[in-house]
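Visitor: Quick one, work-v6.cif (mmCIF, C-alpha atoms):
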```cif
data_data
#
loop_
_atom_site.label_atom_id
_atom_site.label_comp_id
_atom_site.auth_asym_id
_atom_site.auth_seq_id
_atom_site.Cartn_x
_atom_site.Cartn_y
_atom_site.Cartn_z
CA MET A 1 -45.16 54.95 -16.32
CA SER A 2 -47.65 57.66 -17.11
CA LYS A 3 -48.29 56.28 -20.57
CA LYS A 4 -50.03 53.11 -19.53
CA VAL A 5 -50.45 50.86 -22.50
CA GLU A 6 -52.31 47.58 -22.31
CA LYS A 7 -49.69 44.94 -22.91
CA SER A 8 -50.61 42.08 -25.15
CA ARG A 9 -49.54 38.57 -24.24
CA GLY A 10 -45.92 37.77 -24.75
CA GLU A 11 -44.88 41.38 -25.09
CA MET A 12 -41.88 42.07 -22.93
CA ILE A 13 -41.69 44.92 -20.50
CA SER A 14 -38.47 46.44 -19.28
CA PHE A 15 -37.33 47.27 -15.79
CA MET A 16 -34.07 47.96 -13.99
CA LEU A 17 -32.36 45.00 -12.34
CA ASN A 18 -29.23 45.82 -10.35
CA GLY A 19 -28.64 48.86 -12.52
CA ALA A 20 -29.08 47.15 -15.87
CA GLU A 21 -32.14 47.47 -18.02
CA VAL A 22 -33.68 44.05 -18.62
CA GLN A 23 -36.74 42.69 -20.36
CA ALA A 24 -39.24 40.34 -18.79
CA ASP A 25 -42.57 38.76 -19.53
CA PRO A 26 -45.32 40.58 -17.62
CA LYS A 27 -46.73 37.24 -16.51
CA TRP A 28 -43.57 36.40 -14.59
CA SER A 29 -43.07 37.06 -10.95
CA LEU A 30 -40.11 39.18 -10.03
CA LEU A 31 -38.32 36.11 -8.72
CA GLU A 32 -38.68 34.31 -12.03
CA ALA A 33 -37.30 37.31 -13.87
CA ILE A 34 -34.36 37.60 -11.45
CA GLN A 35 -33.59 33.90 -11.81
CA PHE A 36 -33.93 34.13 -15.57
CA TYR A 37 -31.10 36.65 -15.60
CA GLY A 38 -28.96 34.27 -13.59
CA ILE A 39 -28.95 36.15 -10.32
CA SER A 40 -29.06 33.76 -7.43
CA ILE A 41 -31.16 34.76 -4.48
CA PRO A 42 -32.04 32.41 -1.64
CA THR A 43 -35.54 30.99 -1.54
CA LEU A 44 -37.16 28.64 0.88
CA CYS A 45 -40.93 28.46 0.52
CA HIS A 46 -40.73 28.71 -3.25
CA ASP A 47 -41.01 25.78 -5.60
CA GLU A 48 -41.39 25.92 -9.34
CA GLY A 49 -44.29 23.51 -9.43
CA LEU A 50 -46.32 25.23 -6.76
CA THR A 51 -48.08 28.56 -6.46
CA PRO A 52 -45.96 31.15 -4.70
CA TYR A 53 -46.88 31.68 -1.10
CA GLY A 54 -44.58 34.45 0.11
CA VAL A 55 -44.17 33.42 3.71
CA CYS A 56 -40.48 32.71 4.22
CA ARG A 57 -39.42 36.14 2.95
CA MET A 58 -35.97 34.83 2.09
CA CYS A 59 -36.37 36.17 -1.44
CA VAL A 60 -36.68 39.82 -0.41
CA VAL A 61 -35.39 42.40 -2.85
CA GLU A 62 -35.28 46.16 -2.63
CA VAL A 63 -37.61 48.00 -4.96
CA GLY A 64 -37.90 51.72 -5.56
CA ASN A 65 -35.79 54.80 -6.11
CA GLY A 66 -33.75 57.02 -3.83
CA ASN A 67 -35.03 57.23 -0.30
CA ARG A 68 -38.36 55.70 -1.17
CA THR A 69 -37.36 52.08 -1.36
CA LYS A 70 -39.14 49.14 0.13
CA LEU A 71 -38.46 45.47 0.61
CA VAL A 72 -40.77 43.11 -1.23
CA ALA A 73 -40.93 39.35 -1.46
CA SER A 74 -39.92 38.84 -5.07
CA CYS A 75 -41.81 35.56 -5.44
CA MET A 76 -45.11 37.39 -4.96
CA HIS A 77 -44.27 40.66 -6.68
CA PRO A 78 -45.36 41.09 -10.28
CA VAL A 79 -42.99 42.39 -12.92
CA THR A 80 -44.12 45.87 -13.81
CA GLY A 81 -42.58 48.41 -16.11
CA GLY A 82 -40.20 50.93 -14.59
CA LEU A 83 -39.35 48.90 -11.51
CA ASN A 84 -35.95 49.54 -10.01
CA VAL A 85 -34.94 46.25 -8.41
CA ARG A 86 -31.78 45.61 -6.42
CA THR A 87 -31.11 42.12 -5.18
CA HIS A 88 -27.98 42.45 -3.08
CA THR A 89 -27.99 45.79 -1.29
CA SER A 90 -26.77 45.93 2.30
CA ARG A 91 -30.32 46.38 3.52
CA VAL A 92 -31.48 43.28 1.67
CA ILE A 93 -28.56 41.18 2.89
CA LYS A 94 -29.08 42.34 6.48
CA THR A 95 -32.79 41.53 6.30
CA ARG A 96 -32.18 38.11 4.79
CA LYS A 97 -29.70 37.24 7.51
CA MET A 98 -32.14 38.32 10.18
CA ILE A 99 -34.93 36.24 8.68
CA LEU A 100 -32.65 33.22 8.47
CA GLU A 101 -31.53 33.77 12.03
CA LEU A 102 -35.13 33.62 13.20
CA LEU A 103 -35.79 30.52 11.11
CA ILE A 104 -32.72 28.73 12.44
CA ALA A 105 -33.64 29.65 15.99
CA ARG A 106 -36.89 27.85 15.37
CA CYS A 107 -35.47 24.78 13.64
CA PRO A 108 -31.74 24.38 14.30
CA SER A 109 -31.77 20.77 13.16
CA SER A 110 -32.61 21.50 9.53
CA LYS A 111 -29.92 20.80 6.97
CA LYS A 112 -31.40 23.15 4.41
CA LEU A 113 -31.47 26.07 6.79
CA GLN A 114 -27.93 25.38 8.00
CA ASP A 115 -26.69 25.12 4.43
CA MET A 116 -28.36 28.40 3.65
CA ALA A 117 -26.72 29.95 6.70
CA ALA A 118 -23.35 28.84 5.38
CA MET A 119 -24.19 30.29 2.00
CA LEU A 120 -25.25 33.64 3.45
CA GLU A 121 -22.32 33.59 5.87
CA LEU A 122 -24.48 33.87 8.93
CA LYS A 123 -22.12 34.01 11.89
CA GLU A 124 -24.36 33.88 14.92
CA VAL A 125 -27.90 33.24 16.06
CA ARG A 126 -28.88 35.62 18.82
CA PHE A 127 -32.16 33.95 19.71
CA ASP A 128 -32.81 31.04 22.01
CA PRO A 129 -33.38 27.88 19.97
CA LEU A 130 -36.96 26.64 19.96
CA ASN A 131 -36.05 23.23 18.54
CA ASP A 132 -39.34 23.08 16.69
CA ASP A 133 -39.83 20.79 13.71
CA CYS A 134 -41.78 23.08 11.40
CA ILE A 135 -41.24 26.57 10.04
CA LEU A 136 -44.74 26.81 8.52
CA CYS A 137 -43.39 27.38 5.02
CA GLY A 138 -46.51 25.70 3.65
CA LEU A 139 -44.65 23.67 1.03
CA CYS A 140 -46.21 20.41 2.20
CA VAL A 141 -49.70 21.89 2.22
CA ARG A 142 -49.35 23.22 -1.31
CA MET A 143 -47.67 20.02 -2.49
CA CYS A 144 -50.52 17.94 -1.11
CA GLU A 145 -53.16 20.18 -2.62
CA GLU A 146 -51.69 21.12 -5.98
CA GLN A 147 -49.46 18.27 -7.07
CA MET A 148 -50.97 15.31 -5.22
CA VAL A 149 -54.55 16.67 -5.30
CA ALA A 150 -55.23 15.07 -1.97
CA LYS A 151 -55.86 18.10 0.26
CA ALA A 152 -55.14 15.94 3.27
CA ILE A 153 -53.17 18.43 5.32
CA GLY A 154 -53.65 22.06 6.15
CA TYR A 155 -53.25 24.66 8.82
CA ALA A 156 -54.95 24.74 12.16
CA GLY A 157 -54.91 27.35 14.86
CA ARG A 158 -53.72 30.89 14.61
CA GLY A 159 -50.72 33.03 15.34
CA MET A 160 -48.21 31.39 17.64
CA ASP A 161 -50.34 28.26 17.87
CA ARG A 162 -50.58 27.71 14.14
CA TYR A 163 -49.52 24.27 13.05
CA ILE A 164 -49.91 21.89 10.15
CA THR A 165 -52.16 18.92 10.64
CA THR A 166 -54.66 16.53 9.19
CA PRO A 167 -58.38 17.19 9.75
CA PHE A 168 -59.24 16.91 13.45
CA ASP A 169 -55.65 15.83 14.19
CA MET A 170 -56.54 12.28 13.18
CA THR A 171 -55.39 9.87 10.54
CA SER A 172 -57.36 10.96 7.53
CA ASP A 173 -58.81 9.01 4.64
CA GLU A 174 -57.66 11.68 2.21
CA CYS A 175 -54.01 10.95 2.91
CA ARG A 176 -52.60 8.31 0.58
CA LYS A 177 -49.30 8.28 2.43
CA CYS A 178 -47.48 9.26 -0.74
CA GLY A 179 -44.77 11.03 1.23
CA ALA A 180 -44.66 14.08 -1.03
CA CYS A 181 -44.96 16.35 1.98
CA MET A 182 -41.85 14.82 3.51
CA PHE A 183 -40.05 14.95 0.18
CA ILE A 184 -40.53 18.69 -0.12
CA CYS A 185 -40.17 19.59 3.55
CA PRO A 186 -37.09 21.81 4.05
CA VAL A 187 -36.64 20.89 7.69
CA CYS A 188 -37.26 17.13 7.62
CA GLU A 189 -33.71 16.45 6.52
CA LEU A 190 -31.48 16.65 9.55
CA ARG A 191 -28.19 18.45 9.41
CA CYS A 192 -24.93 16.56 9.46
CA GLN A 193 -24.11 15.25 12.89
CA GLY A 194 -20.64 16.69 12.73
CA PRO A 195 -18.51 18.14 15.47
CA GLN A 196 -21.05 20.82 16.39
CA ALA A 197 -24.27 18.86 16.28
CA GLU A 198 -25.62 20.45 19.45
CA THR A 199 -25.12 24.11 18.59
CA THR A 200 -27.83 26.31 17.17
CA LEU A 201 -25.73 27.27 14.20
CA CYS A 202 -23.24 24.97 12.59
CA SER A 203 -22.50 27.36 9.74
CA GLY A 204 -21.58 24.54 7.47
CA CYS A 205 -17.89 24.06 7.23
CA ILE A 206 -17.14 27.75 7.04
CA ASN A 207 -16.81 28.43 10.72
CA THR A 208 -15.20 25.16 11.66
CA GLU A 209 -11.70 23.89 11.36
CA PRO A 210 -11.27 21.07 8.88
CA VAL A 211 -11.76 18.34 11.43
CA CYS A 212 -12.21 15.56 8.93
CA ALA A 213 -8.57 15.56 8.00
CA SER A 214 -7.36 14.11 11.27
CA ILE A 215 -9.96 11.32 11.24
CA TYR A 216 -10.22 10.26 7.64
CA GLY A 217 -7.06 11.61 6.21
CA GLU A 218 -7.37 12.01 2.49
CA ALA A 219 -10.03 9.36 2.01
CA MET A 220 -13.78 9.75 2.12
CA CYS A 221 -14.00 13.45 1.37
CA PHE A 222 -17.33 13.72 -0.41
CA MET A 223 -17.89 17.41 0.18
CA VAL A 224 -16.87 19.04 -3.04
CA PRO A 225 -16.09 21.82 -2.41
CA CYS A 226 -15.80 21.60 1.35
CA LEU A 227 -15.10 25.34 1.73
CA SER A 228 -12.97 24.80 4.78
CA CYS A 229 -10.70 22.23 3.23
CA ILE A 230 -7.30 23.29 2.05
CA LYS A 231 -7.82 21.13 -0.99
CA LYS A 232 -9.43 22.62 -4.05
CA PRO A 233 -12.20 20.75 -5.91
CA GLU A 234 -9.89 19.81 -8.76
CA ASP A 235 -7.44 18.32 -6.28
CA VAL A 236 -10.12 16.08 -4.81
CA LYS A 237 -11.27 14.77 -8.16
CA ALA A 238 -7.78 13.78 -9.16
CA MET B 1 -72.41 11.70 18.57
CA LYS B 2 -75.58 11.46 16.52
CA ILE B 3 -76.04 14.36 14.15
CA ASP B 4 -79.35 15.32 12.62
CA GLU B 5 -78.32 15.70 8.99
CA SER B 6 -81.58 17.28 7.89
CA LYS B 7 -80.99 20.07 10.36
CA LEU B 8 -77.52 20.65 8.93
CA ASP B 9 -78.85 20.51 5.41
CA SER B 10 -81.41 23.20 6.14
CA ILE B 11 -78.65 25.43 7.54
CA ILE B 12 -76.47 24.80 4.49
CA LYS B 13 -79.39 25.38 2.17
CA LYS B 14 -80.07 28.70 3.85
CA TYR B 15 -76.71 29.86 2.49
CA ASN B 16 -77.29 28.37 -0.99
CA ASN B 17 -74.48 25.80 -0.65
CA GLU B 18 -71.97 28.60 -1.06
CA GLN B 19 -68.40 27.80 -0.16
CA GLY B 20 -67.85 31.38 0.93
CA SER B 21 -70.51 31.08 3.61
CA LEU B 22 -68.52 28.53 5.57
CA ILE B 23 -68.12 30.76 8.62
CA SER B 24 -71.83 31.65 8.71
CA ILE B 25 -72.74 27.98 8.43
CA LEU B 26 -70.39 27.01 11.24
CA GLN B 27 -71.79 29.83 13.38
CA ASP B 28 -75.32 28.53 12.90
CA ILE B 29 -74.20 25.01 13.76
CA GLN B 30 -72.51 26.32 16.86
CA VAL B 31 -75.75 28.03 17.91
CA GLU B 32 -77.55 24.70 17.42
CA TYR B 33 -75.13 22.43 19.30
CA LYS B 34 -73.19 24.98 21.41
CA TYR B 35 -70.04 23.57 19.84
CA LEU B 36 -68.92 22.14 16.50
CA PRO B 37 -69.31 18.37 16.42
CA ARG B 38 -66.82 16.62 14.19
CA GLU B 39 -69.54 14.77 12.29
CA ALA B 40 -71.26 18.08 11.54
CA MET B 41 -68.04 19.54 10.13
CA ASP B 42 -67.53 16.43 8.01
CA HIS B 43 -71.02 16.86 6.63
CA VAL B 44 -70.47 20.55 5.88
CA ALA B 45 -67.22 19.76 4.06
CA LYS B 46 -68.93 17.12 1.97
CA SER B 47 -71.92 19.32 1.13
CA LEU B 48 -69.87 22.36 0.22
CA GLN B 49 -67.26 20.26 -1.59
CA ILE B 50 -64.34 21.75 0.26
CA PRO B 51 -61.50 19.82 1.90
CA ARG B 52 -62.20 18.73 5.43
CA VAL B 53 -58.95 20.23 6.56
CA GLN B 54 -60.13 23.64 5.41
CA VAL B 55 -63.21 23.42 7.58
CA PHE B 56 -61.04 22.30 10.46
CA GLY B 57 -58.62 25.16 9.83
CA VAL B 58 -61.39 27.74 9.91
CA ALA B 59 -62.94 26.18 13.01
CA THR B 60 -59.64 26.28 14.89
CA PHE B 61 -58.67 29.71 13.60
CA PHE B 62 -61.51 31.60 15.24
CA LYS B 63 -61.81 31.64 18.97
CA ALA B 64 -65.57 31.96 18.62
CA PHE B 65 -65.74 28.35 17.51
CA SER B 66 -65.36 25.57 19.99
CA LEU B 67 -64.53 21.98 19.15
CA LYS B 68 -65.21 20.80 22.66
CA PRO B 69 -68.73 20.43 24.05
CA LYS B 70 -69.78 23.33 26.21
CA GLY B 71 -71.63 23.22 29.52
CA LYS B 72 -75.19 24.40 29.95
CA GLN B 73 -74.03 27.52 31.76
CA GLN B 74 -71.18 29.50 30.33
CA ILE B 75 -69.10 31.73 32.54
CA HIS B 76 -66.74 34.25 30.98
CA VAL B 77 -64.31 36.07 33.19
CA CYS B 78 -63.00 39.31 31.75
CA MET B 79 -59.22 39.53 31.94
CA GLY B 80 -58.94 42.92 30.25
CA THR B 81 -56.64 45.60 31.63
CA ALA B 82 -59.22 47.41 33.73
CA CYS B 83 -60.63 44.19 35.16
CA HIS B 84 -57.16 42.78 35.73
CA VAL B 85 -56.13 45.86 37.71
CA ARG B 86 -59.20 45.54 39.89
CA GLY B 87 -58.55 41.91 40.69
CA SER B 88 -60.17 39.70 38.05
CA LYS B 89 -57.41 37.17 38.58
CA MET B 90 -58.60 36.48 42.09
CA VAL B 91 -62.16 36.11 40.83
CA LEU B 92 -60.99 33.62 38.23
CA GLU B 93 -59.00 31.65 40.78
CA GLU B 94 -61.99 31.51 43.09
CA LEU B 95 -64.19 30.27 40.22
CA GLU B 96 -61.59 27.65 39.30
CA ARG B 97 -61.47 26.49 42.88
CA LYS B 98 -65.23 26.38 43.29
CA LEU B 99 -65.87 24.57 40.01
CA GLY B 100 -62.81 22.38 40.25
CA ILE B 101 -61.76 23.10 36.66
CA LYS B 102 -59.22 25.28 34.92
CA ALA B 103 -60.15 28.16 32.64
CA GLY B 104 -61.23 26.80 29.25
CA ASP B 105 -62.61 23.54 30.66
CA THR B 106 -66.08 22.19 31.34
CA THR B 107 -67.20 20.51 34.54
CA GLN B 108 -67.73 16.77 34.37
CA ASP B 109 -71.51 17.03 34.72
CA ASN B 110 -71.58 19.37 31.68
CA GLU B 111 -73.09 22.11 33.79
CA TYR B 112 -70.49 24.87 33.70
CA THR B 113 -67.92 26.03 31.17
CA LEU B 114 -65.37 28.49 32.47
CA GLU B 115 -63.57 30.74 30.01
CA THR B 116 -61.53 33.90 30.01
CA VAL B 117 -62.11 36.77 27.63
CA ASN B 118 -59.89 39.74 27.05
CA CYS B 119 -62.46 42.52 27.22
CA VAL B 120 -66.21 42.63 27.24
CA GLY B 121 -66.40 46.40 26.80
CA ALA B 122 -67.71 47.18 30.26
CA CYS B 123 -64.48 48.34 31.82
CA ALA B 124 -66.17 50.80 34.20
CA LEU B 125 -67.88 47.86 35.89
CA GLY B 126 -64.72 45.80 36.30
CA PRO B 127 -64.04 43.11 37.27
CA VAL B 128 -66.76 41.74 35.02
CA VAL B 129 -68.01 38.18 34.86
CA VAL B 130 -70.50 37.22 32.17
CA LYS B 131 -72.75 34.32 33.03
CA ASN B 132 -75.01 33.21 30.19
CA GLU B 133 -74.77 36.67 28.58
CA GLU B 134 -75.77 38.29 31.83
CA TYR B 135 -73.19 40.84 32.93
CA ARG B 136 -72.14 40.97 36.56
CA GLY B 137 -69.97 43.95 37.42
CA GLN B 138 -67.73 44.69 40.39
CA MET B 139 -67.15 41.04 41.08
CA THR B 140 -65.19 39.88 44.09
CA PRO B 141 -64.20 36.36 45.15
CA ILE B 142 -66.94 36.57 47.80
CA LYS B 143 -69.64 37.25 45.21
CA VAL B 144 -68.62 34.16 43.24
CA GLU B 145 -70.64 31.90 45.48
CA SER B 146 -73.86 33.79 44.89
CA LEU B 147 -73.09 33.81 41.15
CA LEU B 148 -72.87 30.05 41.01
CA GLY B 149 -75.84 29.43 43.27
CA THR B 150 -76.22 26.91 46.04
CA LYS B 151 -75.89 23.83 43.91
CA ILE B 152 -72.20 24.18 43.33
CA ALA B 153 -71.42 25.37 46.85
CA LYS B 154 -71.91 21.85 48.23
CA ARG B 155 -68.90 20.48 46.36
#
```
Mind turning this structure into structure tokens?

Guide:
Amino acid sequence: MSKKVEKSRGEMISFMLNGAEVQADPKWSLLEAIQFYGISIPTLCHDEGLTPYGVCRMCVVEVGNGNRTKLVASCMHPVTGGLNVRTHTSRVIKTRKMILELLIARCPSSKKLQDMAAMLELKEVRFDPLNDDCILCGLCVRMCEEQMVAKAIGYAGRGMDRYITTPFDMTSDECRKCGACMFICPVCELRCQGPQAETTLCSGCINTEPVCASIYGEAMCFMVPCLSCIKKPEDVKA
Amino acid sequence: MKIDESKLDSIIKKYNNEQGSLISILQDIQVEYKYLPREAMDHVAKSLQIPRVQVFGVATFFKAFSLKPKGKQQIHVCMGTACHVRGSKMVLEELERKLGIKAGDTTQDNEYTLETVNCVGACALGPVVVKNEEYRGQMTPIKVESLLGTKIAKR
């Protein structure tokens, strides 16, 4: 990187992604480049229509060479030449699981978080559940400000006492009750009230026995694929 | 509450209507009213053309800003390590008992506001109580009565 050349717009720069040399637009974030090459990494506070915020840290990737590697949130990291990015090292996976564990301990009732736990094969949550209803991902605040241009909600307080609210905790004139904040909220949607509705971690259908079979038999299976079901997706469709 | 808008405008004008001077403006308003009235914050948001929720967020973020009206006399009890070791908790409890309020509250007659702080930087004098920016060192529950004066002792 010693020869630093001013890149003109649209000129691609190359970096290493999981051991392969790839090209990316310098205007992209690292996450966009990773997704462009079809590598799936979990994200939570990221949305294509909103400015990246970098708070959930689900999109961490390992950057650097040898012993001098560090974890960065890829949604906030710029694509620079000579980067050595690895998206699925053991350190990254361990960190992601830990982050998700903390998030689930805060909001065990969220479908999106539980689905993500199933996807990342999270087996246990070692923290006491808080049963909160907000993970402070900031999606609603950005949605309200950037897409709805209402700026009706924002943060109040600091640290542990931080929460999302309307000005002065009152019904505000700015709010048009469009519901975009609820649409984008990752924890508004409650998880399925299945056999383990009370536990902190339901782990989707990975950790459970296929209980639906005894109740519904072969009918009404809308989970394709169910992951725990003996049936394969093509069997269900037929 | 009635807010003198011309007073607010002169404060805002002092900072050239700059959005970046929000904290300084709020500080000046706090000096004026001893707390941040909601109407004043509304006016600031309108004048600076920033969302109201941003002003509210800044006002709640900093502990230096208060959204509740403060009493005429402000009592800060230091709860720092040195003061705590030397018994500031007992001093606070005695103050709470005497004033009939919890830490962070204001008496009903708007006379006293009792608050805790984490260190006032006078650890050698601990336990320290600051009454209207006047530092009282080596406080004990017995000295609380003389700190408050005779008026409150009748309660």

Visitor: In Å to one decimal, how far is atom CA of B:Phe61 from atom CA of A:Gly157?

Guide: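 These atoms are spaced 4.6 Å apart.
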
Visitor: For the contact check between chain A and chain B, emit one row per residue of chain A within 8 Å, containing the shortest atom pair and the distance in Å rounded to one decimal, counting only C-alpha atoms, chain then rising number order, as a tab-separated table.

Guide:
```
residue	atom	partner	partner_atom	distance
A:Lys151	CA	B:Pro51	CA	6.1
A:Ala152	CA	B:Val53	CA	6.6
A:Ile153	CA	B:Val53	CA	6.2
A:Gly154	CA	B:Val53	CA	5.6
A:Tyr155	CA	B:Gly57	CA	5.5
A:Ala156	CA	B:Gly57	CA	4.4
A:Gly157	CA	B:Phe61	CA	4.6
A:Arg158	CA	B:Phe61	CA	5.2
A:Thr166	CA	B:Val53	CA	6.2
A:Pro167	CA	B:Val53	CA	4.4
A:Phe168	CA	B:Phe56	CA	6.4
```

Visitor: Which residues are near stretch 124-140 of chain B? Cut-off 7 Å, only C-alpha atoms, ignore same chain within fewer than 2 positions. Put them as a ChimeraX atom specification.

Guide: /B:73-78,82-83,86-88,91,122,142-144

Visitor: Starting from the point (-28.8, 45.0, 2.7), work out which residues of protein, DNA or RNA have an atom no more than 12 Å away when counting only C-alpha atoms; state them as a list of chain:residue names.

Guide: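 So the residues meeting the distance criterion are A:Val60, A:Val61, A:Glu62, A:Thr69, A:Lys70, A:Leu71, A:Arg86, A:Thr87, A:His88, A:Thr89, A:Ser90, A:Arg91, A:Val92, A:Ile93, A:Lys94, A:Thr95, A:Arg96, A:Lys97, A:Met98, A:Leu120.
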
Visitor: Run the PyMOL selection byres ((chain B and resi 113) around 12) against the file shown and list the residues it catches, as JSON, numbers by chain.

Guide: {"B": [34, 35, 66, 68, 69, 70, 71, 72, 73, 74, 75, 76, 77, 95, 96, 99, 100, 101, 102, 103, 104, 105, 106, 107, 108, 109, 110, 111, 112, 114, 115, 116, 130, 131, 132, 148]}

Visitor: Name every residue that the PyMOL selection byres ((chain A and resi 45-47) around 7) selects in this structure, writing the answer as a PyMOL selection string with chains first and numbers rising.

Guide: chain A and resi 43-44+48-50+52-53+55-56+137-139

Visitor: One decimal, in Å: what's the spacing between atom CA of B:Leu22 and atom CA of A:Glu145?

Guide: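 That distance, rounded to one decimal, is 19.3 Å.
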
Visitor: Using Å and a single decimal, report how far atom CA of A:Val141 sits from atom CA of A:Thr80.

Guide: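 So the two atoms, atom CA of A:Thr80 and atom CA of A:Val141, lie 29.4 Å apart.
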
Visitor: Care to translate the PyMOL selection byres ((chain A and resi 186) around 12) into actual residues of this file, as number ranges by chain?

Guide: A: 43-47, 56, 103-104, 107-116, 133-140, 180-185, 187-191

Visitor: So that I can see what lies close to stretch 4-20 of chain B, please list as a list of chain:residue names the residues with an atom at most 9 Å from it, counting only C-alpha atoms and leaving out residues fewer than 2 positions away in the same chain.

Guide: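 Near neighbours after the sequence-gap exclusion: B:Lys2, B:Leu22, B:Ile23, B:Ser24, B:Ile25, B:Asp28, B:Ile29, B:Ala40, B:His43, B:Val44, B:Ser47, B:Leu48, B:Gln49, B:Ile50.
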
Visitor: Once you've located stretch 65-91 of chain B in the structure I gave, write it as a PDB file, in the first residue's frame, keeping C-alpha atoms.

Guide:
```
ATOM      1  CA  PHE B  65     -29.024  19.254  32.590  1.00  0.00           C
ATOM      2  CA  SER B  66     -32.154  18.904  34.616  1.00  0.00           C
ATOM      3  CA  LEU B  67     -35.650  18.614  33.201  1.00  0.00           C
ATOM      4  CA  LYS B  68     -37.247  18.992  36.588  1.00  0.00           C
ATOM      5  CA  PRO B  69     -37.465  22.326  38.398  1.00  0.00           C
ATOM      6  CA  LYS B  70     -34.818  22.747  41.043  1.00  0.00           C
ATOM      7  CA  GLY B  71     -35.214  24.181  44.530  1.00  0.00           C
ATOM      8  CA  LYS B  72     -33.761  27.491  45.608  1.00  0.00           C
ATOM      9  CA  GLN B  73     -31.069  25.755  47.625  1.00  0.00           C
ATOM     10  CA  GLN B  74     -29.199  22.883  46.086  1.00  0.00           C
ATOM     11  CA  ILE B  75     -27.534  20.298  48.252  1.00  0.00           C
ATOM     12  CA  HIS B  76     -25.070  17.867  46.722  1.00  0.00           C
ATOM     13  CA  VAL B  77     -23.839  14.981  48.800  1.00  0.00           C
ATOM     14  CA  CYS B  78     -20.573  13.482  47.627  1.00  0.00           C
ATOM     15  CA  MET B  79     -20.768   9.710  47.312  1.00  0.00           C
ATOM     16  CA  GLY B  80     -17.209   9.240  46.053  1.00  0.00           C
ATOM     17  CA  THR B  81     -15.004   6.485  47.437  1.00  0.00           C
ATOM     18  CA  ALA B  82     -13.270   8.554  50.100  1.00  0.00           C
ATOM     19  CA  CYS B  83     -16.503  10.146  51.274  1.00  0.00           C
ATOM     20  CA  HIS B  84     -18.327   6.832  51.175  1.00  0.00           C
ATOM     21  CA  VAL B  85     -15.683   5.199  53.374  1.00  0.00           C
ATOM     22  CA  ARG B  86     -16.009   7.993  55.893  1.00  0.00           C
ATOM     23  CA  GLY B  87     -19.761   7.691  56.118  1.00  0.00           C
ATOM     24  CA  SER B  88     -21.385   9.876  53.465  1.00  0.00           C
ATOM     25  CA  LYS B  89     -24.237   7.388  53.268  1.00  0.00           C
ATOM     26  CA  MET B  90     -25.302   8.212  56.795  1.00  0.00           C
ATOM     27  CA  VAL B  91     -25.129  11.918  56.006  1.00  0.00           C
TER      28      VAL B  91
END
```
